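Reproduced below: target_28.pdb, with PDB, C-alpha atoms and all ligand atoms.
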```pdb
ATOM      1  CA  MET J 709     -28.336   2.771  -9.846  1.00  0.00           C
ATOM      2  CA  TYR J 710     -28.029   0.911  -6.538  1.00  0.00           C
ATOM      3  CA  SER J 711     -31.654   1.320  -5.523  1.00  0.00           C
ATOM      4  CA  HIS J 712     -32.128  -2.469  -5.412  1.00  0.00           C
ATOM      5  CA  VAL J 713     -29.359  -2.935  -2.849  1.00  0.00           C
ATOM      6  CA  PRO J 714     -31.419  -2.510   0.374  1.00  0.00           C
ATOM      7  CA  GLU J 715     -33.984  -5.017  -0.856  1.00  0.00           C
ATOM      8  CA  ASN J 716     -31.261  -7.482  -1.876  1.00  0.00           C
ATOM      9  CA  LEU J 717     -29.724  -7.092   1.553  1.00  0.00           C
ATOM     10  CA  GLU J 718     -33.006  -7.846   3.283  1.00  0.00           C
ATOM     11  CA  ASN J 719     -33.569 -10.914   1.116  1.00  0.00           C
ATOM     12  CA  VAL J 720     -30.074 -12.218   1.817  1.00  0.00           C
ATOM     13  CA  GLU J 721     -30.421 -11.579   5.563  1.00  0.00           C
ATOM     14  CA  ASN J 722     -33.695 -13.523   5.619  1.00  0.00           C
ATOM     15  CA  SER J 723     -32.235 -16.305   3.545  1.00  0.00           C
ATOM     16  CA  VAL J 724     -29.168 -16.616   5.802  1.00  0.00           C
ATOM     17  CA  ALA J 725     -31.386 -16.753   8.897  1.00  0.00           C
ATOM     18  CA  LYS J 726     -33.587 -19.372   7.291  1.00  0.00           C
ATOM     19  CA  ALA J 727     -30.610 -21.496   6.256  1.00  0.00           C
ATOM     20  CA  ALA J 728     -29.405 -21.397   9.866  1.00  0.00           C
ATOM     21  CA  GLU J 729     -32.806 -22.423  11.182  1.00  0.00           C
ATOM     22  CA  ASN J 730     -33.073 -25.229   8.656  1.00  0.00           C
ATOM     23  CA  ALA J 731     -29.709 -26.479   9.865  1.00  0.00           C
ATOM     24  CA  GLY J 732     -30.937 -26.418  13.463  1.00  0.00           C
ATOM     25  CA  ARG J 733     -28.714 -23.469  14.338  1.00  0.00           C
ATOM     26  CA  ASP J 734     -29.399 -20.175  16.070  1.00  0.00           C
ATOM     27  CA  PRO J 735     -29.649 -17.529  13.296  1.00  0.00           C
ATOM     28  CA  LYS J 736     -27.582 -15.222  15.499  1.00  0.00           C
ATOM     29  CA  SER J 737     -24.678 -17.647  15.212  1.00  0.00           C
ATOM     30  CA  VAL J 738     -24.197 -16.719  11.538  1.00  0.00           C
ATOM     31  CA  LYS J 739     -22.935 -13.246  10.649  1.00  0.00           C
ATOM     32  CA  LEU J 740     -23.448 -11.789   7.207  1.00  0.00           C
ATOM     33  CA  LEU J 741     -20.407  -9.924   5.881  1.00  0.00           C
ATOM     34  CA  PRO J 742     -21.304  -7.838   2.825  1.00  0.00           C
ATOM     35  CA  VAL J 743     -18.425  -7.941   0.332  1.00  0.00           C
ATOM     36  CA  SER J 744     -18.235  -4.568  -1.352  1.00  0.00           C
ATOM     37  CA  LYS J 745     -15.214  -5.036  -3.647  1.00  0.00           C
ATOM     38  CA  THR J 746     -15.511  -3.206  -6.971  1.00  0.00           C
ATOM     39  CA  PHE J 747     -18.617  -1.320  -5.786  1.00  0.00           C
ATOM     40  CA  PRO J 748     -18.434   2.416  -5.110  1.00  0.00           C
ATOM     41  CA  PRO J 749     -18.824   4.160  -1.766  1.00  0.00           C
ATOM     42  CA  GLU J 750     -22.408   5.186  -2.608  1.00  0.00           C
ATOM     43  CA  ALA J 751     -23.443   1.511  -2.772  1.00  0.00           C
ATOM     44  CA  ILE J 752     -21.706   0.784   0.525  1.00  0.00           C
ATOM     45  CA  GLN J 753     -23.382   3.797   2.097  1.00  0.00           C
ATOM     46  CA  MET J 754     -26.784   2.338   1.208  1.00  0.00           C
ATOM     47  CA  VAL J 755     -26.007  -0.865   3.077  1.00  0.00           C
ATOM     48  CA  TYR J 756     -24.546   1.137   5.956  1.00  0.00           C
ATOM     49  CA  ASN J 757     -27.806   3.072   6.142  1.00  0.00           C
ATOM     50  CA  CYS J 758     -29.571  -0.275   6.720  1.00  0.00           C
ATOM     51  CA  ASP J 759     -27.463  -0.564   9.874  1.00  0.00           C
ATOM     52  CA  LYS J 760     -24.871  -3.008   8.495  1.00  0.00           C
ATOM     53  CA  LYS J 761     -21.485  -1.701   9.547  1.00  0.00           C
ATOM     54  CA  SER J 762     -19.039  -4.419   8.529  1.00  0.00           C
ATOM     55  CA  PHE J 763     -17.696  -4.791   4.999  1.00  0.00           C
ATOM     56  CA  GLY J 764     -15.263  -7.120   3.279  1.00  0.00           C
ATOM     57  CA  GLU J 765     -12.760  -5.940   0.673  1.00  0.00           C
ATOM     58  CA  ASN J 766     -10.179  -8.048  -1.141  1.00  0.00           C
ATOM     59  CA  LYS J 767      -7.687  -5.410  -2.318  1.00  0.00           C
ATOM     60  CA  VAL J 768      -5.619  -3.287   0.005  1.00  0.00           C
ATOM     61  CA  GLN J 769      -5.608  -0.008  -1.925  1.00  0.00           C
ATOM     62  CA  GLU J 770      -9.338  -0.187  -2.549  1.00  0.00           C
ATOM     63  CA  LEU J 771      -9.937  -0.840   1.136  1.00  0.00           C
ATOM     64  CA  LEU J 772      -7.778   2.142   2.140  1.00  0.00           C
ATOM     65  CA  ASP J 773      -9.494   4.456  -0.347  1.00  0.00           C
ATOM     66  CA  LYS J 774     -12.985   3.473   0.753  1.00  0.00           C
ATOM     67  CA  ALA J 775     -12.126   3.668   4.442  1.00  0.00           C
ATOM     68  CA  GLN J 776     -11.043   7.274   3.856  1.00  0.00           C
ATOM     69  CA  GLU J 777     -14.290   8.229   2.205  1.00  0.00           C
ATOM     70  CA  LEU J 778     -16.802   6.365   4.346  1.00  0.00           C
ATOM     71  CA  PRO J 779     -17.931   6.665   7.991  1.00  0.00           C
ATOM     72  CA  ARG J 780     -15.313   6.006  10.643  1.00  0.00           C
ATOM     73  CA  ASP J 781     -17.361   3.435  12.535  1.00  0.00           C
ATOM     74  CA  ILE J 782     -17.273   0.897   9.702  1.00  0.00           C
ATOM     75  CA  GLU J 783     -15.535  -2.341  10.637  1.00  0.00           C
ATOM     76  CA  TRP J 784     -13.375  -3.353   7.669  1.00  0.00           C
ATOM     77  CA  HIS J 785     -12.453  -6.954   6.930  1.00  0.00           C
ATOM     78  CA  LEU J 786      -9.627  -7.724   4.535  1.00  0.00           C
ATOM     79  CA  ILE J 787     -10.583 -10.966   2.783  1.00  0.00           C
ATOM     80  CA  GLY J 788      -8.058 -11.041  -0.072  1.00  0.00           C
ATOM     81  CA  HIS J 789      -4.353 -11.798  -0.353  1.00  0.00           C
ATOM     82  CA  LEU J 790      -2.116  -9.441   1.622  1.00  0.00           C
ATOM     83  CA  GLN J 791       1.449  -8.676   0.578  1.00  0.00           C
ATOM     84  CA  ARG J 792       3.850  -8.315   3.460  1.00  0.00           C
ATOM     85  CA  ASN J 793       4.891  -4.780   2.509  1.00  0.00           C
ATOM     86  CA  LYS J 794       1.282  -3.620   2.916  1.00  0.00           C
ATOM     87  CA  VAL J 795       0.631  -4.998   6.388  1.00  0.00           C
ATOM     88  CA  GLY J 796       1.334  -1.699   8.139  1.00  0.00           C
ATOM     89  CA  LYS J 797      -1.242   0.180   6.108  1.00  0.00           C
ATOM     90  CA  VAL J 798      -3.878  -2.499   6.503  1.00  0.00           C
ATOM     91  CA  LEU J 799      -3.456  -2.575  10.272  1.00  0.00           C
ATOM     92  CA  GLU J 800      -4.332   1.126  10.335  1.00  0.00           C
ATOM     93  CA  VAL J 801      -7.859   0.478   9.063  1.00  0.00           C
ATOM     94  CA  ALA J 802      -8.857  -3.190   9.081  1.00  0.00           C
ATOM     95  CA  THR J 803     -10.269  -4.831  12.209  1.00  0.00           C
ATOM     96  CA  TYR J 804     -10.194  -8.325  10.738  1.00  0.00           C
ATOM     97  CA  ILE J 805      -7.807 -10.046   8.372  1.00  0.00           C
ATOM     98  CA  HIS J 806      -9.396 -13.256   7.025  1.00  0.00           C
ATOM     99  CA  SER J 807      -6.601 -13.986   4.592  1.00  0.00           C
ATOM    100  CA  VAL J 808      -3.525 -14.847   6.647  1.00  0.00           C
ATOM    101  CA  ASP J 809      -2.084 -17.331   4.213  1.00  0.00           C
ATOM    102  CA  SER J 810       1.600 -17.781   5.101  1.00  0.00           C
ATOM    103  CA  TYR J 811       3.832 -18.099   8.136  1.00  0.00           C
ATOM    104  CA  LYS J 812       5.899 -15.112   7.006  1.00  0.00           C
ATOM    105  CA  LEU J 813       2.804 -12.952   6.721  1.00  0.00           C
ATOM    106  CA  LEU J 814       1.627 -14.024  10.148  1.00  0.00           C
ATOM    107  CA  LYS J 815       5.004 -13.139  11.673  1.00  0.00           C
ATOM    108  CA  ARG J 816       4.964  -9.758   9.995  1.00  0.00           C
ATOM    109  CA  ILE J 817       1.445  -8.991  11.260  1.00  0.00           C
ATOM    110  CA  ASN J 818       2.538 -10.047  14.715  1.00  0.00           C
ATOM    111  CA  ARG J 819       5.618  -7.809  14.685  1.00  0.00           C
ATOM    112  CA  LEU J 820       3.807  -4.720  13.410  1.00  0.00           C
ATOM    113  CA  ALA J 821       0.900  -5.248  15.798  1.00  0.00           C
ATOM    114  CA  GLU J 822       3.380  -5.289  18.662  1.00  0.00           C
ATOM    115  CA  GLU J 823       5.002  -2.084  17.388  1.00  0.00           C
ATOM    116  CA  LYS J 824       1.639  -0.365  17.014  1.00  0.00           C
ATOM    117  CA  ASN J 825       0.353  -1.767  20.279  1.00  0.00           C
ATOM    118  CA  ILE J 826      -2.789  -3.204  18.722  1.00  0.00           C
ATOM    119  CA  LYS J 827      -4.272  -6.674  18.567  1.00  0.00           C
ATOM    120  CA  PRO J 828      -5.812  -7.380  15.147  1.00  0.00           C
ATOM    121  CA  LYS J 829      -8.330 -10.162  14.762  1.00  0.00           C
ATOM    122  CA  ILE J 830      -7.034 -12.739  12.330  1.00  0.00           C
ATOM    123  CA  LEU J 831      -8.244 -15.851  10.583  1.00  0.00           C
ATOM    124  CA  LEU J 832      -5.926 -18.368   8.976  1.00  0.00           C
ATOM    125  CA  GLN J 833      -6.875 -19.026   5.369  1.00  0.00           C
ATOM    126  CA  VAL J 834      -6.671 -22.684   4.420  1.00  0.00           C
ATOM    127  CA  ASN J 835      -6.428 -24.000   0.883  1.00  0.00           C
ATOM    128  CA  VAL J 836      -8.552 -27.036   1.652  1.00  0.00           C
ATOM    129  CA  SER J 837      -9.039 -28.114  -1.943  1.00  0.00           C
ATOM    130  CA  GLY J 838      -5.304 -27.865  -2.682  1.00  0.00           C
ATOM    131  CA  GLU J 839      -5.815 -26.010  -5.965  1.00  0.00           C
ATOM    132  CA  GLU J 840      -2.503 -24.563  -7.136  1.00  0.00           C
ATOM    133  CA  THR J 841      -4.025 -21.257  -8.157  1.00  0.00           C
ATOM    134  CA  LYS J 842      -5.462 -20.587  -4.704  1.00  0.00           C
ATOM    135  CA  TYR J 843      -3.891 -18.763  -1.813  1.00  0.00           C
ATOM    136  CA  GLY J 844      -4.041 -20.389   1.571  1.00  0.00           C
ATOM    137  CA  LEU J 845      -2.125 -22.604   3.943  1.00  0.00           C
ATOM    138  CA  SER J 846      -1.683 -26.304   3.377  1.00  0.00           C
ATOM    139  CA  ARG J 847      -2.804 -28.533   6.232  1.00  0.00           C
ATOM    140  CA  ASP J 848       0.837 -28.869   7.435  1.00  0.00           C
ATOM    141  CA  GLU J 849       1.414 -25.134   7.405  1.00  0.00           C
ATOM    142  CA  LEU J 850      -1.860 -24.640   9.211  1.00  0.00           C
ATOM    143  CA  LYS J 851      -0.608 -26.513  12.242  1.00  0.00           C
ATOM    144  CA  ASN J 852       2.556 -24.390  12.556  1.00  0.00           C
ATOM    145  CA  CYS J 853       0.728 -21.134  11.996  1.00  0.00           C
ATOM    146  CA  ALA J 854      -2.024 -22.007  14.433  1.00  0.00           C
ATOM    147  CA  GLU J 855       0.527 -22.815  17.126  1.00  0.00           C
ATOM    148  CA  TYR J 856       2.265 -19.512  16.527  1.00  0.00           C
ATOM    149  CA  ALA J 857      -0.977 -17.499  16.450  1.00  0.00           C
ATOM    150  CA  ALA J 858      -2.343 -19.198  19.545  1.00  0.00           C
ATOM    151  CA  ALA J 859       0.820 -18.376  21.489  1.00  0.00           C
ATOM    152  CA  SER J 860       1.015 -14.738  20.358  1.00  0.00           C
ATOM    153  CA  GLN J 861      -0.073 -11.860  22.581  1.00  0.00           C
ATOM    154  CA  PHE J 862      -0.322  -9.500  19.627  1.00  0.00           C
ATOM    155  CA  VAL J 863      -2.825 -11.202  17.354  1.00  0.00           C
ATOM    156  CA  ASP J 864      -6.315 -12.246  18.305  1.00  0.00           C
ATOM    157  CA  PHE J 865      -6.634 -15.636  16.619  1.00  0.00           C
ATOM    158  CA  LYS J 866     -10.336 -15.991  15.803  1.00  0.00           C
ATOM    159  CA  GLY J 867     -10.606 -18.964  13.492  1.00  0.00           C
ATOM    160  CA  LEU J 868     -10.268 -20.278   9.948  1.00  0.00           C
ATOM    161  CA  MET J 869     -11.296 -19.134   6.481  1.00  0.00           C
ATOM    162  CA  THR J 870     -11.515 -20.907   3.166  1.00  0.00           C
ATOM    163  CA  MET J 871     -12.749 -20.430  -0.376  1.00  0.00           C
ATOM    164  CA  ALA J 872     -14.396 -23.365  -2.094  1.00  0.00           C
ATOM    165  CA  PRO J 873     -13.435 -24.236  -5.675  1.00  0.00           C
ATOM    166  CA  PHE J 874     -15.318 -22.115  -8.163  1.00  0.00           C
ATOM    167  CA  GLY J 875     -18.280 -23.888  -9.701  1.00  0.00           C
ATOM    168  CA  ALA J 876     -17.895 -27.065  -7.628  1.00  0.00           C
ATOM    169  CA  GLU J 877     -20.751 -29.521  -7.136  1.00  0.00           C
ATOM    170  CA  GLU J 878     -22.563 -29.694  -3.836  1.00  0.00           C
ATOM    171  CA  GLU J 879     -20.742 -32.813  -2.695  1.00  0.00           C
ATOM    172  CA  GLU J 880     -17.328 -31.221  -3.127  1.00  0.00           C
ATOM    173  CA  LEU J 881     -18.425 -27.966  -1.485  1.00  0.00           C
ATOM    174  CA  ARG J 882     -19.713 -29.883   1.489  1.00  0.00           C
ATOM    175  CA  SER J 883     -16.470 -31.785   1.782  1.00  0.00           C
ATOM    176  CA  VAL J 884     -14.378 -28.579   1.676  1.00  0.00           C
ATOM    177  CA  PHE J 885     -16.506 -26.850   4.315  1.00  0.00           C
ATOM    178  CA  SER J 886     -16.734 -29.828   6.638  1.00  0.00           C
ATOM    179  CA  THR J 887     -12.961 -30.324   6.386  1.00  0.00           C
ATOM    180  CA  LEU J 888     -12.412 -26.751   7.544  1.00  0.00           C
ATOM    181  CA  ARG J 889     -14.806 -27.304  10.450  1.00  0.00           C
ATOM    182  CA  GLU J 890     -12.944 -30.463  11.444  1.00  0.00           C
ATOM    183  CA  ASP J 891      -9.599 -28.629  11.217  1.00  0.00           C
ATOM    184  CA  LYS J 892     -10.969 -25.972  13.539  1.00  0.00           C
ATOM    185  CA  ASN J 893     -12.296 -28.512  16.024  1.00  0.00           C
ATOM    186  CA  ARG J 894      -9.007 -30.387  16.022  1.00  0.00           C
ATOM    187  CA  LEU J 895      -6.952 -27.220  16.600  1.00  0.00           C
ATOM    188  CA  GLU J 896      -9.218 -26.188  19.464  1.00  0.00           C
ATOM    189  CA  LYS J 897      -8.634 -29.533  21.101  1.00  0.00           C
ATOM    190  CA  ASP J 898      -4.901 -29.887  20.358  1.00  0.00           C
ATOM    191  CA  LEU J 899      -4.005 -26.326  21.328  1.00  0.00           C
ATOM    192  CA  ASN J 900      -6.598 -25.970  24.064  1.00  0.00           C
ATOM    193  CA  ILE J 901      -7.977 -22.739  22.624  1.00  0.00           C
ATOM    194  CA  SER J 902     -11.345 -21.518  21.456  1.00  0.00           C
ATOM    195  CA  LEU J 903     -11.768 -20.512  17.808  1.00  0.00           C
ATOM    196  CA  PRO J 904     -15.198 -18.936  17.421  1.00  0.00           C
ATOM    197  CA  GLU J 905     -15.147 -18.158  13.699  1.00  0.00           C
ATOM    198  CA  LEU J 906     -15.429 -20.185  10.512  1.00  0.00           C
ATOM    199  CA  SER J 907     -15.450 -17.778   7.550  1.00  0.00           C
ATOM    200  CA  MET J 908     -16.797 -19.769   4.613  1.00  0.00           C
ATOM    201  CA  GLY J 909     -19.531 -19.446   2.032  1.00  0.00           C
ATOM    202  CA  MET J 910     -20.168 -16.852  -0.695  1.00  0.00           C
ATOM    203  CA  SER J 911     -23.179 -15.936  -2.857  1.00  0.00           C
ATOM    204  CA  ALA J 912     -23.254 -19.270  -4.649  1.00  0.00           C
ATOM    205  CA  ASP J 913     -22.629 -21.622  -1.746  1.00  0.00           C
ATOM    206  CA  TYR J 914     -23.530 -19.947   1.562  1.00  0.00           C
ATOM    207  CA  LYS J 915     -26.440 -22.258   2.354  1.00  0.00           C
ATOM    208  CA  ILE J 916     -24.213 -25.317   2.261  1.00  0.00           C
ATOM    209  CA  ALA J 917     -21.536 -23.472   4.240  1.00  0.00           C
ATOM    210  CA  ILE J 918     -24.096 -22.643   6.932  1.00  0.00           C
ATOM    211  CA  GLU J 919     -25.179 -26.270   7.118  1.00  0.00           C
ATOM    212  CA  GLU J 920     -21.539 -27.158   7.620  1.00  0.00           C
ATOM    213  CA  GLY J 921     -20.987 -24.654  10.427  1.00  0.00           C
ATOM    214  CA  ALA J 922     -20.057 -21.260   8.913  1.00  0.00           C
ATOM    215  CA  THR J 923     -20.204 -18.371  11.402  1.00  0.00           C
ATOM    216  CA  ILE J 924     -19.313 -15.679   8.834  1.00  0.00           C
ATOM    217  CA  VAL J 925     -20.638 -15.807   5.271  1.00  0.00           C
ATOM    218  CA  ARG J 926     -19.000 -13.381   2.820  1.00  0.00           C
ATOM    219  CA  ILE J 927     -21.567 -12.241   0.316  1.00  0.00           C
ATOM    220  CA  GLY J 928     -20.996  -9.796  -2.521  1.00  0.00           C
ATOM    221  CA  SER J 929     -22.944 -10.158  -5.739  1.00  0.00           C
ATOM    222  CA  LYS J 930     -26.185 -11.284  -4.124  1.00  0.00           C
ATOM    223  CA  ILE J 931     -26.298  -7.948  -2.302  1.00  0.00           C
ATOM    224  CA  PHE J 932     -24.562  -5.476  -4.604  1.00  0.00           C
ATOM    225  CA  GLY J 933     -25.253  -7.037  -7.992  1.00  0.00           C
ATOM    226  CA  LYS J 934     -23.075  -8.448 -10.717  1.00  0.00           C
ATOM    227  CA  ARG J 935     -19.417  -7.433 -10.864  1.00  0.00           C
ATOM    228  CA  TYR J 936     -17.994  -6.472 -14.255  1.00  0.00           C
TER     229      TYR J 936
HETATM  230  C1  LIG G   1     -15.507 -11.649  -3.874  1.00  0.00           C
HETATM  231  C2  LIG G   1     -15.334 -12.494  -2.674  1.00  0.00           C
HETATM  232  C3  LIG G   1     -16.457 -12.959  -1.967  1.00  0.00           C
HETATM  233  C4  LIG G   1     -17.886 -12.677  -2.387  1.00  0.00           C
HETATM  234  O1  LIG G   1     -18.179 -13.280  -3.606  1.00  0.00           O
HETATM  235  P1  LIG G   1     -19.685 -13.304  -4.193  1.00  0.00           P
HETATM  236  O2  LIG G   1     -19.691 -14.513  -5.037  1.00  0.00           O
HETATM  237  O3  LIG G   1     -19.857 -12.048  -4.939  1.00  0.00           O
HETATM  238  O4  LIG G   1     -20.608 -13.409  -3.038  1.00  0.00           O
HETATM  239  C5  LIG G   1     -16.210 -13.710  -0.833  1.00  0.00           C
HETATM  240  N1  LIG G   1     -14.979 -14.004  -0.406  1.00  0.00           N
HETATM  241  C6  LIG G   1     -13.876 -13.564  -1.055  1.00  0.00           C
HETATM  242  C7  LIG G   1     -12.531 -13.907  -0.521  1.00  0.00           C
HETATM  243  C8  LIG G   1     -14.022 -12.795  -2.198  1.00  0.00           C
HETATM  244  O5  LIG G   1     -12.918 -12.373  -2.846  1.00  0.00           O
END
```

Transcribe the structure of this file into structure tokens.
Amino acid sequence: MYSHVPENLENVENSVAKAAENAGRDPKSVKLLPVSKTFPPEAIQMVYNCDKKSFGENKVQELLDKAQELPRDIEWHLIGHLQRNKVGKVLEVATYIHSVDSYKLLKRINRLAEEKNIKPKILLQVNVSGEETKYGLSRDELKNCAEYAAASQFVDFKGLMTMAPFGAEEEELRSVFSTLREDKNRLEKDLNISLPELSMGMSADYKIAIEEGATIVRIGSKIFGKRY
């Protein structure tokens, strides 16, 4: 049933590399994160067998279940909304949390990381487009959270993440992605820190995201197929 997955993966990898080259960037500066949500462990195993060992999941319980079943050396990225009461569990398995979308959540991650003596890699999720239905920090909240994260010894503040509006035209996508890049550049300057990662771009818009500076593209359906 998932026999097409390795070929899809290869096509996407080539396409991501080409998009980087077309944008005058080093293809190695863009990482492909396969997003395996809703797909079963057997599909993930096929990608893993192609030597891709990082996966993105958007639901905590699904992430925990899959982490139990699949090889231990997988690097799990939580990319979906995280409730504060589930932070402890997530920190047991996820290396990256892309979806830090409130000050309270950030503080909770910080406190539990200190207790567990770990240093999770985090990205602050920004609601650039300001859609009410979207999770993510407003630009004002971003400043406070970035200051807190930059000063913390218990979180490894890696960069910013956003989701573009669904079905948006190229011009709007470009504006969302370039705004996130500018936010990152400004924070690096104002806080005198380095933020290596910009997590932006999905199956429908990754080429534009790469042109606008994405370092992690989160791609699901183009690799695994349609979700039902
Ligand atoms: C599902 C999801 C993706 C991948 O979406 P596709 O369109 O299938 O590539 C990326 N990022 C987040 C946060 C997601 O929830």

Considering only C-alpha atoms, tabulate each residue of range 806-859 of chain J that lies at most 12 Å from range 900-920 of chain J along with its nearest interatomic pair and the corresponding distance in Å to one decimal; arrange the rows by chain and ascending residue number and present them as a Markdown table.
```
| residue | atom | partner | partner_atom | distance |
| --- | --- | --- | --- | --- |
| J:His806 | CA | J:Ser907 | CA | 7.6 |
| J:Ser807 | CA | J:Ser907 | CA | 10.1 |
| J:Lys829 | CA | J:Glu905 | CA | 10.6 |
| J:Ile830 | CA | J:Glu905 | CA | 9.9 |
| J:Leu831 | CA | J:Glu905 | CA | 7.9 |
| J:Leu832 | CA | J:Ser907 | CA | 9.6 |
| J:Gln833 | CA | J:Ser907 | CA | 8.9 |
| J:Val834 | CA | J:Ser907 | CA | 10.5 |
| J:Asn835 | CA | J:Met908 | CA | 11.8 |
| J:Val836 | CA | J:Met908 | CA | 11.4 |
| J:Ala854 | CA | J:Ile901 | CA | 10.2 |
| J:Glu855 | CA | J:Ile901 | CA | 10.1 |
| J:Ala857 | CA | J:Ile901 | CA | 10.7 |
| J:Ala858 | CA | J:Ile901 | CA | 7.3 |
| J:Ala859 | CA | J:Ile901 | CA | 9.9 |
```

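Pocket residues of ligand LIG 1 (chain G), taken as those with any atom at most 7 Å away using all atoms listed in the file, are Val743, Lys745, Asn766, Ile787, Gly788, Met871, Met910, Ser911, Ala912, Arg926, Ile927, Gly928, Ser929 and Lys930 of chain J.
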
So what does the PyMOL selection byres (((chain J and resi 812-815) around 8) and not hetatm) actually pick up in this one, as a PDB file with C-alpha atoms, in the frame of the given file?
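Result file follows (selection.pdb):
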```pdb
ATOM      1  CA  LEU J 790      -2.116  -9.441   1.622  1.00  0.00           C
ATOM      2  CA  GLN J 791       1.449  -8.676   0.578  1.00  0.00           C
ATOM      3  CA  ARG J 792       3.850  -8.315   3.460  1.00  0.00           C
ATOM      4  CA  VAL J 808      -3.525 -14.847   6.647  1.00  0.00           C
ATOM      5  CA  ASP J 809      -2.084 -17.331   4.213  1.00  0.00           C
ATOM      6  CA  SER J 810       1.600 -17.781   5.101  1.00  0.00           C
ATOM      7  CA  TYR J 811       3.832 -18.099   8.136  1.00  0.00           C
ATOM      8  CA  ARG J 816       4.964  -9.758   9.995  1.00  0.00           C
ATOM      9  CA  ILE J 817       1.445  -8.991  11.260  1.00  0.00           C
ATOM     10  CA  ASN J 818       2.538 -10.047  14.715  1.00  0.00           C
ATOM     11  CA  ARG J 819       5.618  -7.809  14.685  1.00  0.00           C
ATOM     12  CA  CYS J 853       0.728 -21.134  11.996  1.00  0.00           C
ATOM     13  CA  ALA J 857      -0.977 -17.499  16.450  1.00  0.00           C
TER      14      ALA J 857
END
```

**OP:** Please write the residues picked by the PyMOL selection byres (((chain J and resi 936) around 12) and not hetatm) on this file as a count of residues only.
**Re:** 8

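One distance worth recording is that between CA of Ala727 in chain J and CA of Leu881 in chain J, which is 15.8 Å.
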
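Of note, CA of Glu770 in chain J and CA of Leu820 in chain J are spaced 21.2 Å apart.
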
**OP:** For the structure provided, state which residues fall under the PyMOL selection byres (((chain J and resi 772) around 10) and not hetatm), and present them as JSON, numbers by chain.
**Re:** {"J": [765, 767, 768, 769, 770, 771, 773, 774, 775, 776, 777, 784, 797, 798, 800, 801, 802]}

Counting only C-alpha atoms, find the residues whose atoms lie at most 7 Å from (-12.8, -8.4, 13.6) (file coordinates) and write them out as a short mmCIF file (atom, residue, chain, number, x, y, z; two decimals) with C-alpha atoms, keeping the file's coordinate frame.
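And here is the file that came out, out-v8.cif:
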```
data_model
loop_
_atom_site.label_atom_id
_atom_site.label_comp_id
_atom_site.auth_asym_id
_atom_site.auth_seq_id
_atom_site.Cartn_x
_atom_site.Cartn_y
_atom_site.Cartn_z
CA HIS J 785 -12.45 -6.95 6.93
CA THR J 803 -10.27 -4.83 12.21
CA TYR J 804 -10.19 -8.32 10.74
CA LYS J 829 -8.33 -10.16 14.76
#
```

Long-range neighbours of Pro735 in chain J as a PDB file with C-alpha atoms, in the coordinates of the input, 12 Å cut-off, all atoms listed in the file, 4 positions minimum in chain:
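See out_31.pdb below for the written result:
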```
ATOM      1  CA  GLU J 721     -30.421 -11.579   5.563  1.00  0.00           C
ATOM      2  CA  ASN J 722     -33.695 -13.523   5.619  1.00  0.00           C
ATOM      3  CA  SER J 723     -32.235 -16.305   3.545  1.00  0.00           C
ATOM      4  CA  VAL J 724     -29.168 -16.616   5.802  1.00  0.00           C
ATOM      5  CA  ALA J 725     -31.386 -16.753   8.897  1.00  0.00           C
ATOM      6  CA  LYS J 726     -33.587 -19.372   7.291  1.00  0.00           C
ATOM      7  CA  ALA J 727     -30.610 -21.496   6.256  1.00  0.00           C
ATOM      8  CA  ALA J 728     -29.405 -21.397   9.866  1.00  0.00           C
ATOM      9  CA  GLU J 729     -32.806 -22.423  11.182  1.00  0.00           C
ATOM     10  CA  ASN J 730     -33.073 -25.229   8.656  1.00  0.00           C
ATOM     11  CA  ALA J 731     -29.709 -26.479   9.865  1.00  0.00           C
ATOM     12  CA  LYS J 739     -22.935 -13.246  10.649  1.00  0.00           C
ATOM     13  CA  LEU J 740     -23.448 -11.789   7.207  1.00  0.00           C
ATOM     14  CA  ILE J 918     -24.096 -22.643   6.932  1.00  0.00           C
ATOM     15  CA  GLU J 919     -25.179 -26.270   7.118  1.00  0.00           C
ATOM     16  CA  GLY J 921     -20.987 -24.654  10.427  1.00  0.00           C
ATOM     17  CA  ALA J 922     -20.057 -21.260   8.913  1.00  0.00           C
ATOM     18  CA  THR J 923     -20.204 -18.371  11.402  1.00  0.00           C
ATOM     19  CA  ILE J 924     -19.313 -15.679   8.834  1.00  0.00           C
TER      20      ILE J 924
END
```

Quick one: residues within 10 Å of Ala821 in chain J, all atoms listed in the file counted, chain neighbours fewer than 4 positions away excluded, as a PDB file with C-alpha atoms, in the coordinates of the input?
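What landed in result-v3.pdb:
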```pdb
ATOM      1  CA  VAL J 795       0.631  -4.998   6.388  1.00  0.00           C
ATOM      2  CA  GLY J 796       1.334  -1.699   8.139  1.00  0.00           C
ATOM      3  CA  LEU J 799      -3.456  -2.575  10.272  1.00  0.00           C
ATOM      4  CA  GLU J 800      -4.332   1.126  10.335  1.00  0.00           C
ATOM      5  CA  LYS J 815       5.004 -13.139  11.673  1.00  0.00           C
ATOM      6  CA  ARG J 816       4.964  -9.758   9.995  1.00  0.00           C
ATOM      7  CA  ILE J 817       1.445  -8.991  11.260  1.00  0.00           C
ATOM      8  CA  ASN J 825       0.353  -1.767  20.279  1.00  0.00           C
ATOM      9  CA  ILE J 826      -2.789  -3.204  18.722  1.00  0.00           C
ATOM     10  CA  LYS J 827      -4.272  -6.674  18.567  1.00  0.00           C
ATOM     11  CA  PRO J 828      -5.812  -7.380  15.147  1.00  0.00           C
ATOM     12  CA  GLN J 861      -0.073 -11.860  22.581  1.00  0.00           C
ATOM     13  CA  PHE J 862      -0.322  -9.500  19.627  1.00  0.00           C
ATOM     14  CA  VAL J 863      -2.825 -11.202  17.354  1.00  0.00           C
TER      15      VAL J 863
END
```

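Distances from J:Gln753, J:Thr870, J:Glu840, J:Asp864 to Arg889 in chain J were compared using all atoms listed in the file, and the smallest one belongs to J:Thr870.
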
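One distance worth recording is that between CA of Lys892 in chain J and CA of Leu868 in chain J, which is 6.8 Å.
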